[in-house]
Every structure is written in C-alpha cells, then in structure tokens.
$ cat work-v4.pdb   # PDB, C-alpha atoms, pLDDT in the B column
ATOM      1  CA  MET A  10     112.105  90.914  66.258  1.00 92.00           C
ATOM      2  CA  PHE A  11     110.563  93.841  68.184  1.00 93.00           C
ATOM      3  CA  THR A  12     112.750  96.454  69.835  1.00 90.00           C
ATOM      4  CA  ALA A  13     110.232  98.659  71.677  1.00 91.00           C
ATOM      5  CA  ILE A  14     106.634  99.565  72.338  1.00 93.00           C
ATOM      6  CA  THR A  15     106.294 102.991  70.763  1.00 95.00           C
ATOM      7  CA  HIS A  16     102.564 103.743  71.010  1.00 96.00           C
ATOM      8  CA  SER A  17      99.625 102.696  73.150  1.00 96.00           C
ATOM      9  CA  GLN A  18      96.054 103.881  72.611  1.00 96.00           C
ATOM     10  CA  ILE A  19      93.092 104.825  74.775  1.00 96.00           C
ATOM     11  CA  TYR A  20      89.756 106.310  73.775  1.00 95.00           C
ATOM     12  CA  VAL A  21      88.733 109.777  74.908  1.00 96.00           C
ATOM     13  CA  LEU A  22      85.487 111.590  74.135  1.00 95.00           C
ATOM     14  CA  ASP A  23      87.007 115.049  73.733  1.00 97.00           C
ATOM     15  CA  GLN A  24      90.639 115.509  72.747  1.00 98.00           C
ATOM     16  CA  ASP A  25      90.871 119.098  74.019  1.00 98.00           C
ATOM     17  CA  GLU A  26      89.543 117.990  77.412  1.00 98.00           C
ATOM     18  CA  ALA A  27      92.048 115.123  77.268  1.00 98.00           C
ATOM     19  CA  ILE A  28      94.883 117.642  76.840  1.00 98.00           C
ATOM     20  CA  ASP A  29      93.590 119.599  79.846  1.00 98.00           C
ATOM     21  CA  PHE A  30      93.632 116.429  81.940  1.00 98.00           C
ATOM     22  CA  TYR A  31      96.711 114.576  80.737  1.00 98.00           C
ATOM     23  CA  VAL A  32      98.905 117.652  80.252  1.00 98.00           C
ATOM     24  CA  GLY A  33      97.339 120.230  82.591  1.00 98.00           C
ATOM     25  CA  LYS A  34      96.759 117.922  85.552  1.00 97.00           C
ATOM     26  CA  LEU A  35      98.941 114.830  85.126  1.00 98.00           C
ATOM     27  CA  GLY A  36     101.919 116.746  83.714  1.00 97.00           C
ATOM     28  CA  LEU A  37     102.434 114.784  80.511  1.00 98.00           C
ATOM     29  CA  GLU A  38     103.605 116.512  77.325  1.00 98.00           C
ATOM     30  CA  VAL A  39     101.901 116.703  73.955  1.00 98.00           C
ATOM     31  CA  ASN A  40     104.133 114.768  71.617  1.00 97.00           C
ATOM     32  CA  THR A  41     102.103 115.018  68.395  1.00 97.00           C
ATOM     33  CA  ASP A  42      98.950 116.977  67.585  1.00 98.00           C
ATOM     34  CA  ALA A  43      98.244 116.636  63.879  1.00 98.00           C
ATOM     35  CA  ASP A  44      95.146 116.957  61.734  1.00 97.00           C
ATOM     36  CA  LEU A  45      95.348 114.012  59.368  1.00 95.00           C
ATOM     37  CA  GLY A  46      92.162 115.032  57.573  1.00 93.00           C
ATOM     38  CA  ILE A  47      90.423 111.789  58.468  1.00 92.00           C
ATOM     39  CA  MET A  48      91.240 112.133  62.175  1.00 94.00           C
ATOM     40  CA  ARG A  49      93.228 114.112  64.733  1.00 97.00           C
ATOM     41  CA  TRP A  50      96.395 112.252  65.765  1.00 97.00           C
ATOM     42  CA  LEU A  51      97.008 113.358  69.356  1.00 98.00           C
ATOM     43  CA  THR A  52      99.705 111.744  71.454  1.00 98.00           C
ATOM     44  CA  VAL A  53     101.157 112.521  74.863  1.00 98.00           C
ATOM     45  CA  SER A  54     104.186 111.171  76.675  1.00 98.00           C
ATOM     46  CA  VAL A  55     105.952 111.359  80.007  1.00 97.00           C
ATOM     47  CA  PRO A  56     108.317 114.366  79.958  1.00 97.00           C
ATOM     48  CA  GLY A  57     111.737 113.297  78.725  1.00 95.00           C
ATOM     49  CA  HIS A  58     110.388 110.036  77.258  1.00 95.00           C
ATOM     50  CA  PRO A  59     109.042 110.847  73.793  1.00 95.00           C
ATOM     51  CA  ASP A  60     109.823 107.306  72.654  1.00 95.00           C
ATOM     52  CA  ARG A  61     106.668 105.943  74.349  1.00 96.00           C
ATOM     53  CA  GLU A  62     103.511 107.744  73.233  1.00 98.00           C
ATOM     54  CA  ILE A  63      99.869 107.375  74.281  1.00 98.00           C
ATOM     55  CA  LEU A  64      97.411 108.003  71.449  1.00 98.00           C
ATOM     56  CA  LEU A  65      94.354 109.845  72.806  1.00 98.00           C
ATOM     57  CA  GLU A  66      91.890 108.726  70.146  1.00 96.00           C
ATOM     58  CA  ARG A  67      88.308 109.846  69.730  1.00 95.00           C
ATOM     59  CA  PRO A  68      86.172 106.844  68.716  1.00 95.00           C
ATOM     60  CA  GLY A  69      85.119 107.272  65.109  1.00 92.00           C
ATOM     61  CA  PRO A  70      86.119 106.940  61.482  1.00 89.00           C
ATOM     62  CA  PRO A  71      88.323 105.819  59.896  1.00 89.00           C
ATOM     63  CA  ARG A  72      88.860 102.987  62.366  1.00 89.00           C
ATOM     64  CA  LEU A  73      85.226 102.609  63.433  1.00 93.00           C
ATOM     65  CA  SER A  74      81.958 103.125  61.625  1.00 94.00           C
ATOM     66  CA  GLU A  75      79.856 105.934  63.106  1.00 92.00           C
ATOM     67  CA  GLU A  76      77.386 103.364  64.460  1.00 95.00           C
ATOM     68  CA  THR A  77      80.112 101.387  66.222  1.00 95.00           C
ATOM     69  CA  ALA A  78      81.810 104.590  67.407  1.00 94.00           C
ATOM     70  CA  GLU A  79      78.568 105.697  69.083  1.00 94.00           C
ATOM     71  CA  GLN A  80      78.347 102.360  70.892  1.00 94.00           C
ATOM     72  CA  VAL A  81      81.967 102.688  72.046  1.00 93.00           C
ATOM     73  CA  ARG A  82      81.320 106.269  73.265  1.00 92.00           C
ATOM     74  CA  GLU A  83      78.272 105.088  75.256  1.00 91.00           C
ATOM     75  CA  LEU A  84      80.225 102.238  76.859  1.00 91.00           C
ATOM     76  CA  LEU A  85      83.203 104.505  77.569  1.00 88.00           C
ATOM     77  CA  THR A  86      80.925 107.015  79.315  1.00 84.00           C
ATOM     78  CA  LYS A  87      79.711 104.183  81.572  1.00 83.00           C
ATOM     79  CA  GLY A  88      83.310 103.174  82.350  1.00 78.00           C
ATOM     80  CA  ALA A  89      82.753  99.796  80.683  1.00 81.00           C
ATOM     81  CA  THR A  90      85.339  99.933  77.893  1.00 79.00           C
ATOM     82  CA  GLY A  91      87.980 102.247  79.230  1.00 73.00           C
ATOM     83  CA  GLY A  92      91.652 101.579  78.726  1.00 82.00           C
ATOM     84  CA  TYR A  93      94.258 101.111  81.403  1.00 90.00           C
ATOM     85  CA  LEU A  94      97.470 103.045  82.005  1.00 95.00           C
ATOM     86  CA  ILE A  95     100.090 102.429  84.685  1.00 96.00           C
ATOM     87  CA  PHE A  96     102.765 105.050  85.368  1.00 97.00           C
ATOM     88  CA  GLY A  97     105.868 104.811  87.524  1.00 97.00           C
ATOM     89  CA  THR A  98     106.745 107.395  90.161  1.00 97.00           C
ATOM     90  CA  ASP A  99     109.556 107.868  92.665  1.00 97.00           C
ATOM     91  CA  ASP A 100     107.158 109.041  95.405  1.00 98.00           C
ATOM     92  CA  CYS A 101     103.587 107.772  95.198  1.00 98.00           C
ATOM     93  CA  ARG A 102     102.276 109.702  98.207  1.00 98.00           C
ATOM     94  CA  LYS A 103     103.775 113.012  97.060  1.00 98.00           C
ATOM     95  CA  THR A 104     102.429 112.515  93.514  1.00 98.00           C
ATOM     96  CA  TYR A 105      99.018 111.679  94.988  1.00 98.00           C
ATOM     97  CA  GLU A 106      98.980 114.885  97.067  1.00 98.00           C
ATOM     98  CA  THR A 107     100.135 116.999  94.102  1.00 97.00           C
ATOM     99  CA  LEU A 108      97.438 115.614  91.803  1.00 97.00           C
ATOM    100  CA  LYS A 109      94.741 115.778  94.475  1.00 97.00           C
ATOM    101  CA  ALA A 110      95.548 119.504  94.931  1.00 97.00           C
ATOM    102  CA  LYS A 111      94.963 119.911  91.168  1.00 96.00           C
ATOM    103  CA  GLY A 112      91.479 118.445  91.514  1.00 95.00           C
ATOM    104  CA  VAL A 113      92.194 114.915  90.293  1.00 96.00           C
ATOM    105  CA  GLU A 114      89.648 112.480  91.738  1.00 93.00           C
ATOM    106  CA  PHE A 115      91.036 109.190  92.987  1.00 97.00           C
ATOM    107  CA  THR A 116      89.353 105.814  93.227  1.00 95.00           C
ATOM    108  CA  GLU A 117      92.000 104.452  95.591  1.00 97.00           C
ATOM    109  CA  GLU A 118      94.432 106.190  97.927  1.00 98.00           C
ATOM    110  CA  PRO A 119      98.127 105.196  98.094  1.00 98.00           C
ATOM    111  CA  THR A 120      98.334 101.660  99.434  1.00 98.00           C
ATOM    112  CA  GLU A 121     101.274  99.447 100.416  1.00 97.00           C
ATOM    113  CA  ARG A 122     101.490  96.393  98.152  1.00 97.00           C
ATOM    114  CA  PRO A 123     104.009  93.540  97.900  1.00 96.00           C
ATOM    115  CA  TYR A 124     105.552  95.309  94.882  1.00 96.00           C
ATOM    116  CA  GLY A 125     105.526  98.853  96.289  1.00 97.00           C
ATOM    117  CA  ILE A 126     103.023 101.660  96.839  1.00 98.00           C
ATOM    118  CA  ASP A 127     100.335 102.513  94.334  1.00 96.00           C
ATOM    119  CA  CYS A 128      96.996 104.241  93.919  1.00 98.00           C
ATOM    120  CA  ALA A 129      94.254 104.581  91.319  1.00 97.00           C
ATOM    121  CA  LEU A 130      92.159 107.176  89.522  1.00 96.00           C
ATOM    122  CA  ARG A 131      90.008 107.497  86.433  1.00 92.00           C
ATOM    123  CA  ASP A 132      90.332 110.059  83.704  1.00 94.00           C
ATOM    124  CA  PRO A 133      87.268 112.130  82.723  1.00 94.00           C
ATOM    125  CA  PHE A 134      86.355 109.478  80.134  1.00 93.00           C
ATOM    126  CA  GLY A 135      86.380 106.318  82.263  1.00 90.00           C
ATOM    127  CA  ASN A 136      89.925 105.087  81.620  1.00 92.00           C
ATOM    128  CA  SER A 137      91.669 103.572  84.637  1.00 92.00           C
ATOM    129  CA  ILE A 138      95.033 104.961  85.688  1.00 95.00           C
ATOM    130  CA  ARG A 139      97.401 103.715  88.368  1.00 97.00           C
ATOM    131  CA  PHE A 140     100.797 104.933  89.381  1.00 96.00           C
ATOM    132  CA  THR A 141     103.279 102.867  91.306  1.00 97.00           C
ATOM    133  CA  GLN A 142     106.344 103.518  93.415  1.00 98.00           C
ATOM    134  CA  PRO A 143     108.356 100.290  93.164  1.00 97.00           C
ATOM    135  CA  LYS A 144     109.506  98.659  96.361  1.00 94.00           C
ATOM    136  CA  ALA A 145     113.035  99.728  97.250  1.00 84.00           C
TER     137      ALA A 145
END

$ encode --input "work-v4.pdb" --output "structure tokens"
Amino acid sequence: MFTAITHSQIYVLDQDEAIDFYVGKLGLEVNTDADLGIMRWLTVSVPGHPDREILLERPGPPRLSEETAEQVRELLTKGATGGYLIFGTDDCRKTYETLKAKGVEFTEEPTERPYGIDCALRDPFGNSIRFTQPKA
C-alpha cells in the first residue's frame, strides 16, 4: 500500500516569519514556495531530505472558510491548536546550545529519557517542537 510519508502540515500565521524561524533559526531548507493563486504552498525540509516536507500553511481558504480560519488563528495564537514536530539529532545538547545562541526560546532543556536525550520549544505560532538524540 503506502511507501512513505511525503508531507506533514502545521499552521503558521505568517509564512515569511515561518521562513525566518524554520530556515533562519532551525536550519531547514525551503523545498517549495509557490503561489497557487488560491494559496501559497510553502514547504520546508531537513537539509538533504527533500522527500519529507512540512507544509507551513496559513489558515484560510480554500481549505477553511474565513470564519473558521479566524477561529483557528485565534486558537493557534493561544497555543491551543498547534501542531507537533519531532526532529532527530546526533547531539541534543550541542543543537540546543546552537539554537539558544540564535535566540530560540525553549520550553524544556535537554533531559535524559529512557529513549535518549531530548528537549522542547515552541515556534512563534504555538506549534510544539522537540528534538531527540536516540540512546546509543
């Protein structure tokens, strides 16, 4: 049946600000940035892995009515409907220090877990992000 997950989606309030954060701070790459007329299709991916894209979608038409989109934007701003991303890293503490130096605000510092070391942050829109260094 299925052979891969190719795209995941999270909502962002401002796609240019999303590029600043996801590319400028987290180090992802823009994979696609296309004006489809009805919406801007903006995806990012981990460098070297263009086969797995994250759609940074602004809530609105054509998927949502303007009324529903406004409700989603309000909830997103409150952190109530944000998405969730988990990235892998070879060195959680080093990645944490690198991102912290770039001004990324964390909600949880690197912590030893049964499965490895991980930490948590939120993007500027309320989406939760974790990155994990698997246990050796």

$ resolve_selection --input "work-v4.pdb" --expression "the PyMOL selection byres ((chain A and resi 56) around 7)" --output "list of chain:residue names"
A:Leu37, A:Glu38, A:Ser54, A:Val55, A:Gly57, A:His58

$ write_last_selection --input "work-v4.pdb" --atoms "C-alpha atoms" --output "compact mmCIF listing (two decimals), in the frame of the given file"
# COMPACT_ATOMS: atom_id res chain seq x y z
CA LEU A 37 102.43 114.78 80.51
CA GLU A 38 103.60 116.51 77.32
CA SER A 54 104.19 111.17 76.68
CA VAL A 55 105.95 111.36 80.01
CA GLY A 57 111.74 113.30 78.72
CA HIS A 58 110.39 110.04 77.26

$ resolve_selection --input "work-v4.pdb" --expression "the PyMOL selection byres ((chain A and resi 110-121) around 9)" --output "list in words"
Phe30, Gly33, Lys34, Leu35, Cys101, Arg102, Tyr105, Glu106, Thr107, Leu108, Lys109, Arg122, Pro123, Tyr124, Gly125, Ile126, Asp127, Cys128, Ala129, Leu130, Arg131, Asp132 and Thr141 of chain A

$ atom_distance --input "work-v4.pdb" --atom1 "CA of Arg67 in chain A" --atom2 "CA of Phe140 in chain A"
23.8 Å

$ closest_residue --input "work-v4.pdb" --among "A:Phe134, A:Gln24, A:Asp44, A:Ser17" --to "Lys87 in chain A" --atoms "only C-alpha atoms"
A:Phe134

$ resolve_selection --input "work-v4.pdb" --expression "the PyMOL selection byres ((chain A and resi 62) around 6)" --output "PyMOL selection string"
chain A and resi 16+52-54+61+63

$ residues_around --input "work-v4.pdb" --residues "range 73-77 of chain A" --least-positions-apart "6" --cutoff "12 Å" --atoms "all atoms listed in the file" --output "VMD selection string"
chain A and resid 20 47 to 48 66 to 67 83 to 84

$ atom_distance --input "work-v4.pdb" --atom1 "CA of Asp42 in chain A" --atom2 "CA of Asp25 in chain A"
10.5 Å

$ atom_distance --input "work-v4.pdb" --atom1 "CA of Leu65 in chain A" --atom2 "CA of Val39 in chain A"
10.3 Å

$ closest_residue --input "work-v4.pdb" --among "A:Ser137, A:Asp60, A:Arg82, A:Ile19" --to "Ile95 in chain A" --atoms "all atoms listed in the file"
A:Ser137

$ closest_residue --input "work-v4.pdb" --among "A:Asn40, A:Leu45, A:Asn136, A:Tyr93" --to "Pro70 in chain A" --atoms "all atoms listed in the file"
A:Leu45

$ residues_around --input "work-v4.pdb" --residues "Val81 in chain A" --least-positions-apart "4" --cutoff "8 Å" --atoms "all atoms listed in the file" --output "list in words"
Pro68, Thr77, Leu85 and Thr90 of chain A

$ write_last_selection --input "work-v4.pdb" --atoms "C-alpha atoms" --output "PDB file, keeping the file's coordinate frame"
ATOM      1  CA  PRO A  68      86.172 106.844  68.716  1.00 95.00           C
ATOM      2  CA  THR A  77      80.112 101.387  66.222  1.00 95.00           C
ATOM      3  CA  LEU A  85      83.203 104.505  77.569  1.00 88.00           C
ATOM      4  CA  THR A  90      85.339  99.933  77.893  1.00 79.00           C
TER       5      THR A  90
END

$ build_atoms --input "work-v4.pdb" --residues "range 84-105 of chain A" --atoms "N, CA, C and O atoms" --output "compact mmCIF listing (two decimals), keeping the file's coordinate frame"
# COMPACT_ATOMS: atom_id res chain seq x y z
N LEU A 84 79.59 103.14 75.90
CA LEU A 84 80.22 102.24 76.86
C LEU A 84 81.35 102.93 77.62
O LEU A 84 81.52 102.73 78.82
N LEU A 85 82.12 103.76 76.93
CA LEU A 85 83.20 104.50 77.57
C LEU A 85 82.65 105.42 78.65
O LEU A 85 83.18 105.49 79.76
N THR A 86 81.56 106.11 78.35
CA THR A 86 80.92 107.02 79.32
C THR A 86 80.50 106.27 80.58
O THR A 86 80.56 106.81 81.67
N LYS A 87 80.11 105.01 80.43
CA LYS A 87 79.71 104.18 81.57
C LYS A 87 80.91 103.58 82.30
O LYS A 87 80.75 102.92 83.32
N GLY A 88 82.12 103.77 81.75
CA GLY A 88 83.31 103.17 82.35
C GLY A 88 83.48 101.71 82.02
O GLY A 88 84.27 101.01 82.64
N ALA A 89 82.74 101.23 81.00
CA ALA A 89 82.75 99.80 80.68
C ALA A 89 83.82 99.39 79.68
O ALA A 89 84.16 98.22 79.61
N THR A 90 84.36 100.32 78.91
CA THR A 90 85.34 99.93 77.89
C THR A 90 86.62 100.75 78.00
O THR A 90 87.39 100.80 77.06
N GLY A 91 86.81 101.40 79.11
CA GLY A 91 87.98 102.25 79.23
C GLY A 91 89.28 101.47 79.17
O GLY A 91 89.33 100.28 79.47
N GLY A 92 90.32 102.16 78.77
CA GLY A 92 91.65 101.58 78.73
C GLY A 92 92.28 101.59 80.10
O GLY A 92 91.65 101.95 81.11
N TYR A 93 93.54 101.21 80.14
CA TYR A 93 94.26 101.11 81.40
C TYR A 93 95.68 101.60 81.20
O TYR A 93 96.36 101.16 80.29
N LEU A 94 96.10 102.54 82.04
CA LEU A 94 97.47 103.04 82.00
C LEU A 94 98.08 102.88 83.39
O LEU A 94 97.41 103.09 84.40
N ILE A 95 99.36 102.51 83.43
CA ILE A 95 100.09 102.43 84.68
C ILE A 95 101.38 103.23 84.52
O ILE A 95 102.16 102.96 83.61
N PHE A 96 101.58 104.21 85.39
CA PHE A 96 102.76 105.05 85.37
C PHE A 96 103.64 104.72 86.56
O PHE A 96 103.15 104.31 87.61
N GLY A 97 104.93 104.95 86.42
CA GLY A 97 105.87 104.81 87.52
C GLY A 97 106.12 106.17 88.15
O GLY A 97 106.05 107.20 87.49
N THR A 98 106.41 106.17 89.44
CA THR A 98 106.74 107.40 90.16
C THR A 98 107.78 107.07 91.24
O THR A 98 107.82 105.94 91.74
N ASP A 99 108.58 108.06 91.59
CA ASP A 99 109.56 107.87 92.66
C ASP A 99 108.93 108.04 94.04
O ASP A 99 109.47 107.55 95.03
N ASP A 100 107.80 108.77 94.12
CA ASP A 100 107.16 109.04 95.40
C ASP A 100 105.64 109.06 95.21
O ASP A 100 105.06 110.08 94.85
N CYS A 101 105.02 107.93 95.44
CA CYS A 101 103.59 107.77 95.20
C CYS A 101 102.76 108.74 96.05
O CYS A 101 101.84 109.38 95.54
N ARG A 102 103.08 108.85 97.32
CA ARG A 102 102.28 109.70 98.21
C ARG A 102 102.39 111.18 97.82
O ARG A 102 101.40 111.91 97.82
N LYS A 103 103.58 111.62 97.47
CA LYS A 103 103.78 113.01 97.06
C LYS A 103 103.04 113.29 95.74
O LYS A 103 102.39 114.32 95.59
N THR A 104 103.14 112.37 94.79
CA THR A 104 102.43 112.52 93.51
C THR A 104 100.93 112.56 93.76
O THR A 104 100.22 113.38 93.17
N TYR A 105 100.44 111.70 94.62
CA TYR A 105 99.02 111.68 94.99
C TYR A 105 98.59 113.04 95.53
O TYR A 105 97.57 113.60 95.09
